[in-house]
$ cat upload.pdb   # PDB, C-alpha atoms, pLDDT in the B column
ATOM      1  CA  MET A   1      -6.255  -4.263  -4.084  1.00 88.00           C
ATOM      2  CA  ASP A   2      -3.289  -3.014  -2.003  1.00 95.00           C
ATOM      3  CA  THR A   3      -3.894  -2.434   1.725  1.00 96.00           C
ATOM      4  CA  LEU A   4      -3.889   1.365   1.599  1.00 97.00           C
ATOM      5  CA  SER A   5      -6.276   1.438  -1.381  1.00 98.00           C
ATOM      6  CA  ALA A   6      -8.642  -0.988   0.400  1.00 97.00           C
ATOM      7  CA  THR A   7      -8.546   1.217   3.513  1.00 98.00           C
ATOM      8  CA  PHE A   8      -9.296   4.401   1.553  1.00 98.00           C
ATOM      9  CA  PHE A   9     -12.039   2.641  -0.394  1.00 98.00           C
ATOM     10  CA  ALA A  10     -13.659   1.430   2.848  1.00 98.00           C
ATOM     11  CA  LEU A  11     -13.547   4.986   4.242  1.00 98.00           C
ATOM     12  CA  ALA A  12     -15.167   6.446   1.088  1.00 98.00           C
ATOM     13  CA  ASP A  13     -18.692   5.962   2.430  1.00 97.00           C
ATOM     14  CA  PRO A  14     -20.549   8.002   5.090  1.00 96.00           C
ATOM     15  CA  THR A  15     -22.362   4.944   6.542  1.00 96.00           C
ATOM     16  CA  ARG A  16     -19.103   3.060   7.008  1.00 97.00           C
ATOM     17  CA  ARG A  17     -17.498   6.119   8.630  1.00 98.00           C
ATOM     18  CA  ALA A  18     -20.536   6.456  10.946  1.00 96.00           C
ATOM     19  CA  ILE A  19     -20.117   2.785  11.935  1.00 96.00           C
ATOM     20  CA  LEU A  20     -16.452   3.428  12.820  1.00 97.00           C
ATOM     21  CA  ALA A  21     -17.469   6.506  14.845  1.00 96.00           C
ATOM     22  CA  ARG A  22     -20.005   4.377  16.762  1.00 95.00           C
ATOM     23  CA  LEU A  23     -17.304   1.776  17.490  1.00 95.00           C
ATOM     24  CA  THR A  24     -15.117   4.381  19.211  1.00 94.00           C
ATOM     25  CA  LYS A  25     -17.546   3.921  22.153  1.00 93.00           C
ATOM     26  CA  GLY A  26     -16.610   0.250  22.418  1.00 92.00           C
ATOM     27  CA  GLU A  27     -17.429  -3.224  21.119  1.00 92.00           C
ATOM     28  CA  THR A  28     -20.942  -3.300  19.641  1.00 92.00           C
ATOM     29  CA  PRO A  29     -23.216  -6.084  18.348  1.00 90.00           C
ATOM     30  CA  VAL A  30     -24.369  -5.810  14.719  1.00 88.00           C
ATOM     31  CA  THR A  31     -28.045  -5.251  15.583  1.00 87.00           C
ATOM     32  CA  GLU A  32     -27.089  -2.265  17.734  1.00 90.00           C
ATOM     33  CA  LEU A  33     -24.796  -0.908  14.998  1.00 90.00           C
ATOM     34  CA  ALA A  34     -27.629  -1.147  12.470  1.00 90.00           C
ATOM     35  CA  ALA A  35     -30.247   0.580  14.695  1.00 90.00           C
ATOM     36  CA  PRO A  36     -29.491   4.269  13.831  1.00 90.00           C
ATOM     37  CA  PHE A  37     -29.529   3.599  10.066  1.00 90.00           C
ATOM     38  CA  ASP A  38     -32.559   3.408   7.824  1.00 88.00           C
ATOM     39  CA  MET A  39     -31.095   0.299   6.209  1.00 88.00           C
ATOM     40  CA  SER A  40     -31.783  -3.422   6.104  1.00 89.00           C
ATOM     41  CA  LEU A  41     -29.569  -5.726   8.165  1.00 88.00           C
ATOM     42  CA  PRO A  42     -28.107  -7.298   4.960  1.00 91.00           C
ATOM     43  CA  ALA A  43     -27.151  -3.809   3.709  1.00 93.00           C
ATOM     44  CA  ILE A  44     -25.372  -3.089   7.003  1.00 93.00           C
ATOM     45  CA  SER A  45     -23.700  -6.516   6.864  1.00 92.00           C
ATOM     46  CA  LYS A  46     -22.328  -5.652   3.438  1.00 95.00           C
ATOM     47  CA  HIS A  47     -20.777  -2.455   4.819  1.00 96.00           C
ATOM     48  CA  LEU A  48     -19.323  -4.409   7.756  1.00 95.00           C
ATOM     49  CA  LYS A  49     -17.751  -6.887   5.334  1.00 96.00           C
ATOM     50  CA  VAL A  50     -16.017  -4.047   3.458  1.00 97.00           C
ATOM     51  CA  LEU A  51     -14.713  -2.650   6.773  1.00 97.00           C
ATOM     52  CA  GLU A  52     -13.639  -6.129   7.936  1.00 96.00           C
ATOM     53  CA  ARG A  53     -11.829  -6.950   4.677  1.00 96.00           C
ATOM     54  CA  ALA A  54      -9.995  -3.617   4.915  1.00 97.00           C
ATOM     55  CA  GLY A  55      -8.916  -4.547   8.465  1.00 96.00           C
ATOM     56  CA  LEU A  56     -10.696  -1.536   9.984  1.00 97.00           C
ATOM     57  CA  ILE A  57     -12.911  -3.666  12.228  1.00 97.00           C
ATOM     58  CA  VAL A  58     -12.641  -7.104  13.812  1.00 95.00           C
ATOM     59  CA  ARG A  59     -15.626  -9.341  14.510  1.00 91.00           C
ATOM     60  CA  SER A  60     -15.611 -11.762  17.423  1.00 85.00           C
ATOM     61  CA  ARG A  61     -15.726 -15.387  16.339  1.00 78.00           C
ATOM     62  CA  ASP A  62     -16.682 -16.759  19.760  1.00 71.00           C
ATOM     63  CA  ALA A  63     -19.731 -14.843  20.918  1.00 68.00           C
ATOM     64  CA  GLN A  64     -22.985 -15.777  19.215  1.00 72.00           C
ATOM     65  CA  TRP A  65     -23.901 -12.095  18.764  1.00 75.00           C
ATOM     66  CA  ARG A  66     -20.496 -11.503  17.076  1.00 81.00           C
ATOM     67  CA  PRO A  67     -19.747  -7.995  18.326  1.00 91.00           C
ATOM     68  CA  CYS A  68     -17.569  -5.674  16.209  1.00 94.00           C
ATOM     69  CA  ARG A  69     -14.670  -3.635  17.441  1.00 94.00           C
ATOM     70  CA  LEU A  70     -12.509  -0.925  15.910  1.00 95.00           C
ATOM     71  CA  GLU A  71      -9.021  -1.940  14.792  1.00 94.00           C
ATOM     72  CA  ALA A  72      -6.788   1.147  14.579  1.00 92.00           C
ATOM     73  CA  THR A  73      -3.678  -0.198  12.783  1.00 92.00           C
ATOM     74  CA  ARG A  74      -4.963   0.712   9.311  1.00 95.00           C
ATOM     75  CA  LEU A  75      -5.862   4.227  10.435  1.00 96.00           C
ATOM     76  CA  ARG A  76      -2.336   4.636  11.785  1.00 95.00           C
ATOM     77  CA  GLU A  77      -1.063   3.695   8.303  1.00 95.00           C
ATOM     78  CA  VAL A  78      -3.308   6.319   6.687  1.00 97.00           C
ATOM     79  CA  HIS A  79      -1.942   8.837   9.198  1.00 96.00           C
ATOM     80  CA  ALA A  80       1.648   7.918   8.266  1.00 95.00           C
ATOM     81  CA  TRP A  81       0.867   8.293   4.555  1.00 97.00           C
ATOM     82  CA  LEU A  82      -0.844  11.630   5.150  1.00 96.00           C
ATOM     83  CA  ASP A  83       2.098  12.954   7.125  1.00 94.00           C
ATOM     84  CA  HIS A  84       4.152  13.306   3.910  1.00 93.00           C
ATOM     85  CA  TYR A  85       1.715  16.039   2.839  1.00 95.00           C
ATOM     86  CA  ARG A  86       1.518  17.881   6.151  1.00 93.00           C
ATOM     87  CA  ARG A  87       3.887  20.694   5.113  1.00 90.00           C
ATOM     88  CA  PHE A  88       1.570  21.534   2.186  1.00 90.00           C
ATOM     89  CA  TRP A  89      -1.505  22.317   4.255  1.00 87.00           C
ATOM     90  CA  GLU A  90       0.603  23.938   6.965  1.00 86.00           C
ATOM     91  CA  GLU A  91       2.235  26.155   4.307  1.00 79.00           C
ATOM     92  CA  SER A  92      -1.129  27.209   2.897  1.00 68.00           C
ATOM     93  CA  PHE A  93      -2.270  27.995   6.458  1.00 63.00           C
ATOM     94  CA  ASP A  94       0.898  30.054   7.006  1.00 71.00           C
ATOM     95  CA  ARG A  95       0.247  31.969   3.795  1.00 73.00           C
ATOM     96  CA  LEU A  96      -3.301  32.741   4.956  1.00 68.00           C
ATOM     97  CA  ASP A  97      -1.913  33.816   8.322  1.00 73.00           C
ATOM     98  CA  ASP A  98       0.633  36.145   6.643  1.00 77.00           C
ATOM     99  CA  TYR A  99      -2.130  37.628   4.523  1.00 74.00           C
ATOM    100  CA  LEU A 100      -4.343  38.297   7.570  1.00 77.00           C
ATOM    101  CA  LYS A 101      -1.443  39.934   9.432  1.00 82.00           C
ATOM    102  CA  GLU A 102      -0.763  42.120   6.403  1.00 83.00           C
ATOM    103  CA  LEU A 103      -4.427  43.202   6.320  1.00 82.00           C
ATOM    104  CA  GLN A 104      -4.318  44.028  10.046  1.00 85.00           C
ATOM    105  CA  GLU A 105      -1.175  46.138   9.546  1.00 86.00           C
ATOM    106  CA  LYS A 106      -2.860  48.073   6.738  1.00 86.00           C
ATOM    107  CA  GLU A 107      -5.920  48.646   8.935  1.00 85.00           C
ATOM    108  CA  LYS A 108      -3.722  49.897  11.774  1.00 86.00           C
ATOM    109  CA  LYS A 109      -1.814  52.303   9.510  1.00 86.00           C
ATOM    110  CA  ALA A 110      -5.034  53.609   7.937  1.00 85.00           C
ATOM    111  CA  HIS A 111      -6.460  54.150  11.423  1.00 84.00           C
ATOM    112  CA  ALA A 112      -3.268  55.937  12.557  1.00 86.00           C
ATOM    113  CA  ARG A 113      -3.387  58.242   9.515  1.00 84.00           C
ATOM    114  CA  LYS A 114      -7.010  59.115  10.287  1.00 82.00           C
ATOM    115  CA  GLN A 115      -6.128  59.868  13.921  1.00 81.00           C
ATOM    116  CA  SER A 116      -3.168  62.114  12.961  1.00 82.00           C
ATOM    117  CA  ARG A 117      -5.404  64.112  10.614  1.00 79.00           C
ATOM    118  CA  LYS A 118      -7.895  64.911  13.423  1.00 70.00           C
TER     119      LYS A 118
ATOM    120  CA  MET B   1     -21.010  12.079  -3.073  1.00 89.00           C
ATOM    121  CA  ASP B   2     -20.001  14.083   0.036  1.00 95.00           C
ATOM    122  CA  THR B   3     -16.597  15.803   0.008  1.00 96.00           C
ATOM    123  CA  LEU B   4     -14.862  13.445   2.420  1.00 97.00           C
ATOM    124  CA  SER B   5     -16.148  10.347   0.563  1.00 98.00           C
ATOM    125  CA  ALA B   6     -14.965  11.801  -2.767  1.00 97.00           C
ATOM    126  CA  THR B   7     -11.542  12.476  -1.249  1.00 98.00           C
ATOM    127  CA  PHE B   8     -11.206   8.952   0.159  1.00 98.00           C
ATOM    128  CA  PHE B   9     -12.436   7.468  -3.121  1.00 98.00           C
ATOM    129  CA  ALA B  10      -9.835   9.468  -5.084  1.00 98.00           C
ATOM    130  CA  LEU B  11      -7.088   8.255  -2.714  1.00 98.00           C
ATOM    131  CA  ALA B  12      -8.147   4.595  -3.092  1.00 98.00           C
ATOM    132  CA  ASP B  13      -5.889   4.033  -6.101  1.00 97.00           C
ATOM    133  CA  PRO B  14      -2.092   3.580  -6.221  1.00 96.00           C
ATOM    134  CA  THR B  15      -1.697   5.489  -9.525  1.00 96.00           C
ATOM    135  CA  ARG B  16      -3.594   8.491  -8.176  1.00 97.00           C
ATOM    136  CA  ARG B  17      -1.521   8.445  -4.973  1.00 98.00           C
ATOM    137  CA  ALA B  18       1.672   8.248  -7.073  1.00 96.00           C
ATOM    138  CA  ILE B  19       0.503  11.296  -9.054  1.00 96.00           C
ATOM    139  CA  LEU B  20      -0.014  13.229  -5.799  1.00 97.00           C
ATOM    140  CA  ALA B  21       3.447  12.169  -4.601  1.00 96.00           C
ATOM    141  CA  ARG B  22       4.932  13.467  -7.874  1.00 95.00           C
ATOM    142  CA  LEU B  23       3.131  16.786  -7.424  1.00 95.00           C
ATOM    143  CA  THR B  24       4.832  17.349  -4.049  1.00 94.00           C
ATOM    144  CA  LYS B  25       7.868  18.313  -6.164  1.00 93.00           C
ATOM    145  CA  GLY B  26       5.944  21.163  -7.777  1.00 92.00           C
ATOM    146  CA  GLU B  27       3.590  22.047 -10.615  1.00 92.00           C
ATOM    147  CA  THR B  28       3.867  19.474 -13.421  1.00 92.00           C
ATOM    148  CA  PRO B  29       2.471  19.249 -16.972  1.00 90.00           C
ATOM    149  CA  VAL B  30       0.266  16.232 -17.751  1.00 89.00           C
ATOM    150  CA  THR B  31       2.714  14.652 -20.216  1.00 87.00           C
ATOM    151  CA  GLU B  32       5.418  14.663 -17.548  1.00 90.00           C
ATOM    152  CA  LEU B  33       3.033  13.223 -14.969  1.00 90.00           C
ATOM    153  CA  ALA B  34       2.134  10.409 -17.357  1.00 90.00           C
ATOM    154  CA  ALA B  35       5.740   9.510 -18.230  1.00 90.00           C
ATOM    155  CA  PRO B  36       6.563   7.090 -15.346  1.00 90.00           C
ATOM    156  CA  PHE B  37       3.339   5.098 -15.866  1.00 90.00           C
ATOM    157  CA  ASP B  38       2.767   2.336 -18.377  1.00 88.00           C
ATOM    158  CA  MET B  39      -0.598   3.907 -19.227  1.00 88.00           C
ATOM    159  CA  SER B  40      -2.190   5.764 -22.111  1.00 89.00           C
ATOM    160  CA  LEU B  41      -2.615   9.526 -21.816  1.00 88.00           C
ATOM    161  CA  PRO B  42      -6.452   9.157 -21.755  1.00 91.00           C
ATOM    162  CA  ALA B  43      -6.119   6.709 -18.830  1.00 93.00           C
ATOM    163  CA  ILE B  44      -3.966   9.206 -16.935  1.00 93.00           C
ATOM    164  CA  SER B  45      -6.414  12.000 -17.827  1.00 92.00           C
ATOM    165  CA  LYS B  46      -9.209   9.957 -16.251  1.00 95.00           C
ATOM    166  CA  HIS B  47      -7.230   9.652 -13.004  1.00 96.00           C
ATOM    167  CA  LEU B  48      -6.512  13.388 -13.082  1.00 95.00           C
ATOM    168  CA  LYS B  49     -10.228  14.096 -13.490  1.00 96.00           C
ATOM    169  CA  VAL B  50     -11.020  12.036 -10.357  1.00 97.00           C
ATOM    170  CA  LEU B  51      -8.327  13.933  -8.417  1.00 97.00           C
ATOM    171  CA  GLU B  52      -9.544  17.276  -9.764  1.00 96.00           C
ATOM    172  CA  ARG B  53     -13.212  16.575  -8.964  1.00 96.00           C
ATOM    173  CA  ALA B  54     -12.176  15.603  -5.417  1.00 97.00           C
ATOM    174  CA  GLY B  55     -10.337  18.927  -5.103  1.00 96.00           C
ATOM    175  CA  LEU B  56      -6.971  17.218  -4.547  1.00 97.00           C
ATOM    176  CA  ILE B  57      -5.359  18.864  -7.573  1.00 97.00           C
ATOM    177  CA  VAL B  58      -5.905  22.068  -9.499  1.00 95.00           C
ATOM    178  CA  ARG B  59      -5.196  22.438 -13.229  1.00 91.00           C
ATOM    179  CA  SER B  60      -4.127  25.736 -14.699  1.00 85.00           C
ATOM    180  CA  ARG B  61      -6.662  27.197 -17.121  1.00 78.00           C
ATOM    181  CA  ASP B  62      -4.260  29.731 -18.628  1.00 71.00           C
ATOM    182  CA  ALA B  63      -1.204  27.861 -19.764  1.00 68.00           C
ATOM    183  CA  GLN B  64      -1.618  25.780 -22.885  1.00 72.00           C
ATOM    184  CA  TRP B  65       0.199  22.839 -21.267  1.00 76.00           C
ATOM    185  CA  ARG B  66      -2.245  23.030 -18.330  1.00 81.00           C
ATOM    186  CA  PRO B  67       0.098  22.050 -15.489  1.00 91.00           C
ATOM    187  CA  CYS B  68      -1.330  20.355 -12.379  1.00 93.00           C
ATOM    188  CA  ARG B  69      -0.592  21.308  -8.814  1.00 94.00           C
ATOM    189  CA  LEU B  70      -1.352  19.730  -5.458  1.00 95.00           C
ATOM    190  CA  GLU B  71      -4.156  21.313  -3.410  1.00 94.00           C
ATOM    191  CA  ALA B  72      -3.738  20.379   0.262  1.00 92.00           C
ATOM    192  CA  THR B  73      -7.050  21.546   1.792  1.00 92.00           C
ATOM    193  CA  ARG B  74      -8.777  18.182   1.309  1.00 95.00           C
ATOM    194  CA  LEU B  75      -5.839  16.335   2.853  1.00 96.00           C
ATOM    195  CA  ARG B  76      -6.051  18.633   5.865  1.00 95.00           C
ATOM    196  CA  GLU B  77      -9.720  17.620   6.199  1.00 95.00           C
ATOM    197  CA  VAL B  78      -8.778  13.931   6.089  1.00 97.00           C
ATOM    198  CA  HIS B  79      -6.191  14.652   8.785  1.00 96.00           C
ATOM    199  CA  ALA B  80      -8.830  16.351  10.979  1.00 95.00           C
ATOM    200  CA  TRP B  81     -11.198  13.397  10.541  1.00 97.00           C
ATOM    201  CA  LEU B  82      -8.425  10.928  11.356  1.00 96.00           C
ATOM    202  CA  ASP B  83      -7.472  12.804  14.499  1.00 94.00           C
ATOM    203  CA  HIS B  84     -10.628  11.550  16.254  1.00 93.00           C
ATOM    204  CA  TYR B  85      -9.147   8.051  16.096  1.00 95.00           C
ATOM    205  CA  ARG B  86      -5.607   8.919  17.164  1.00 93.00           C
ATOM    206  CA  ARG B  87      -6.044   7.711  20.754  1.00 90.00           C
ATOM    207  CA  PHE B  88      -6.935   4.243  19.445  1.00 90.00           C
ATOM    208  CA  TRP B  89      -3.687   3.603  17.611  1.00 87.00           C
ATOM    209  CA  GLU B  90      -1.691   5.355  20.326  1.00 86.00           C
ATOM    210  CA  GLU B  91      -3.353   3.119  22.963  1.00 79.00           C
ATOM    211  CA  SER B  92      -2.517  -0.039  21.028  1.00 68.00           C
ATOM    212  CA  PHE B  93       1.089   1.174  20.737  1.00 63.00           C
ATOM    213  CA  ASP B  94       1.160   1.853  24.496  1.00 71.00           C
ATOM    214  CA  ARG B  95      -0.157  -1.648  25.189  1.00 72.00           C
ATOM    215  CA  LEU B  96       2.611  -3.127  23.020  1.00 69.00           C
ATOM    216  CA  ASP B  97       5.118  -0.961  24.859  1.00 73.00           C
ATOM    217  CA  ASP B  98       3.844  -2.151  28.285  1.00 76.00           C
ATOM    218  CA  TYR B  99       4.064  -5.761  27.107  1.00 74.00           C
ATOM    219  CA  LEU B 100       7.668  -5.351  25.947  1.00 77.00           C
ATOM    220  CA  LYS B 101       8.624  -3.694  29.241  1.00 82.00           C
ATOM    221  CA  GLU B 102       7.004  -6.585  31.135  1.00 83.00           C
ATOM    222  CA  LEU B 103       8.997  -9.097  29.088  1.00 82.00           C
ATOM    223  CA  GLN B 104      12.226  -7.195  29.812  1.00 85.00           C
ATOM    224  CA  GLU B 105      11.446  -7.204  33.550  1.00 85.00           C
ATOM    225  CA  LYS B 106      10.882 -10.970  33.486  1.00 85.00           C
ATOM    226  CA  GLU B 107      14.168 -11.471  31.619  1.00 85.00           C
ATOM    227  CA  LYS B 108      16.012  -9.352  34.172  1.00 86.00           C
ATOM    228  CA  LYS B 109      14.536 -11.256  37.119  1.00 85.00           C
ATOM    229  CA  ALA B 110      15.297 -14.640  35.534  1.00 85.00           C
ATOM    230  CA  HIS B 111      18.857 -13.474  34.903  1.00 84.00           C
ATOM    231  CA  ALA B 112      19.215 -12.240  38.531  1.00 86.00           C
ATOM    232  CA  ARG B 113      17.952 -15.592  39.842  1.00 84.00           C
ATOM    233  CA  LYS B 114      20.501 -17.440  37.719  1.00 82.00           C
ATOM    234  CA  GLN B 115      23.289 -15.183  38.986  1.00 81.00           C
ATOM    235  CA  SER B 116      22.339 -15.671  42.663  1.00 82.00           C
ATOM    236  CA  ARG B 117      22.344 -19.466  42.210  1.00 79.00           C
ATOM    237  CA  LYS B 118      25.930 -19.447  40.942  1.00 70.00           C
TER     238      LYS B 118
END

$ encode --input "upload.pdb" --output "structure tokens"
Amino acid sequence: MDTLSATFFALADPTRRAILARLTKGETPVTELAAPFDMSLPAISKHLKVLERAGLIVRSRDAQWRPCRLEATRLREVHAWLDHYRRFWEESFDRLDDYLKELQEKEKKAHARKQSRK
Amino acid sequence: MDTLSATFFALADPTRRAILARLTKGETPVTELAAPFDMSLPAISKHLKVLERAGLIVRSRDAQWRPCRLEATRLREVHAWLDHYRRFWEESFDRLDDYLKELQEKEKKAHARKQSRK
């Protein structure tokens, strides 16, 4: 699997994303990572392996408790890929914005007409 | 599957990402989308179904040739999710930057020492 596909695949799971979110607070041992989940330690280990293979986390080789830490390079690559599409969601936001302004103008004019009739 | 997981899953394939890239040029009929790939039309249709279910593309119901177009809302959601991690890759870039500056300083000092010895 190419790097970007492996990254996206690893991110396509809410447990794995929750693990990444937890790691934003700093290096964490596996047992602590597993604690908030209603999952066996082997199940969590499997998720960690997917994240590790995708290069999204790094596990210490030295320490006996093998803490995990977030590795951001792959996320930067996703960000770079995503940036090619930025103009599309910004355009659709602009269109929504134009539409809302148009509605407001209509409201204002309708209100002005009412006032002039009084 | 939750929306974000479905989006990431749909993006975890190079053919599907290539289809999205093609759609940045505008609405495209399926046969045209399939042309650059060495794949059967049913295989391409399967990829389109994954993209459509994830909300990344929309297919026209009216036209007989059912053209596809890019739908950017889901990508905006990925961007918002990713933004929580921005400081991590920016920090690692800053660290690299500091290291390079340090190296340059050392080079300069070594050069100055050499010059003063002459």

$ resolve_selection --input "upload.pdb" --expression "the PyMOL selection byres ((chain B) within 7 of (chain A))" --output "list of chain:residue names"
B:Ser5, B:Ala6, B:Phe8, B:Phe9, B:Leu11, B:Ala12, B:Asp13, B:Pro14, B:Ala72, B:Thr73, B:Arg76, B:Phe88, B:Trp89

$ residues_around --input "upload.pdb" --residues "Glu52 in chain A" --least-positions-apart "3" --cutoff "10 Å" --atoms "all atoms listed in the file" --output "ChimeraX atom specification"
/A:7,10,46-49,55-59,68-71

$ atom_distance --input "upload.pdb" --atom1 "CA of Glu27 in chain B" --atom2 "CA of Arg53 in chain B"
17.7 Å

$ atom_distance --input "upload.pdb" --atom1 "CA of Arg95 in chain B" --atom2 "CA of Ala112 in chain B"
25.8 Å

$ atom_distance --input "upload.pdb" --atom1 "CA of Ala80 in chain A" --atom2 "CA of Ile19 in chain A"
22.7 Å
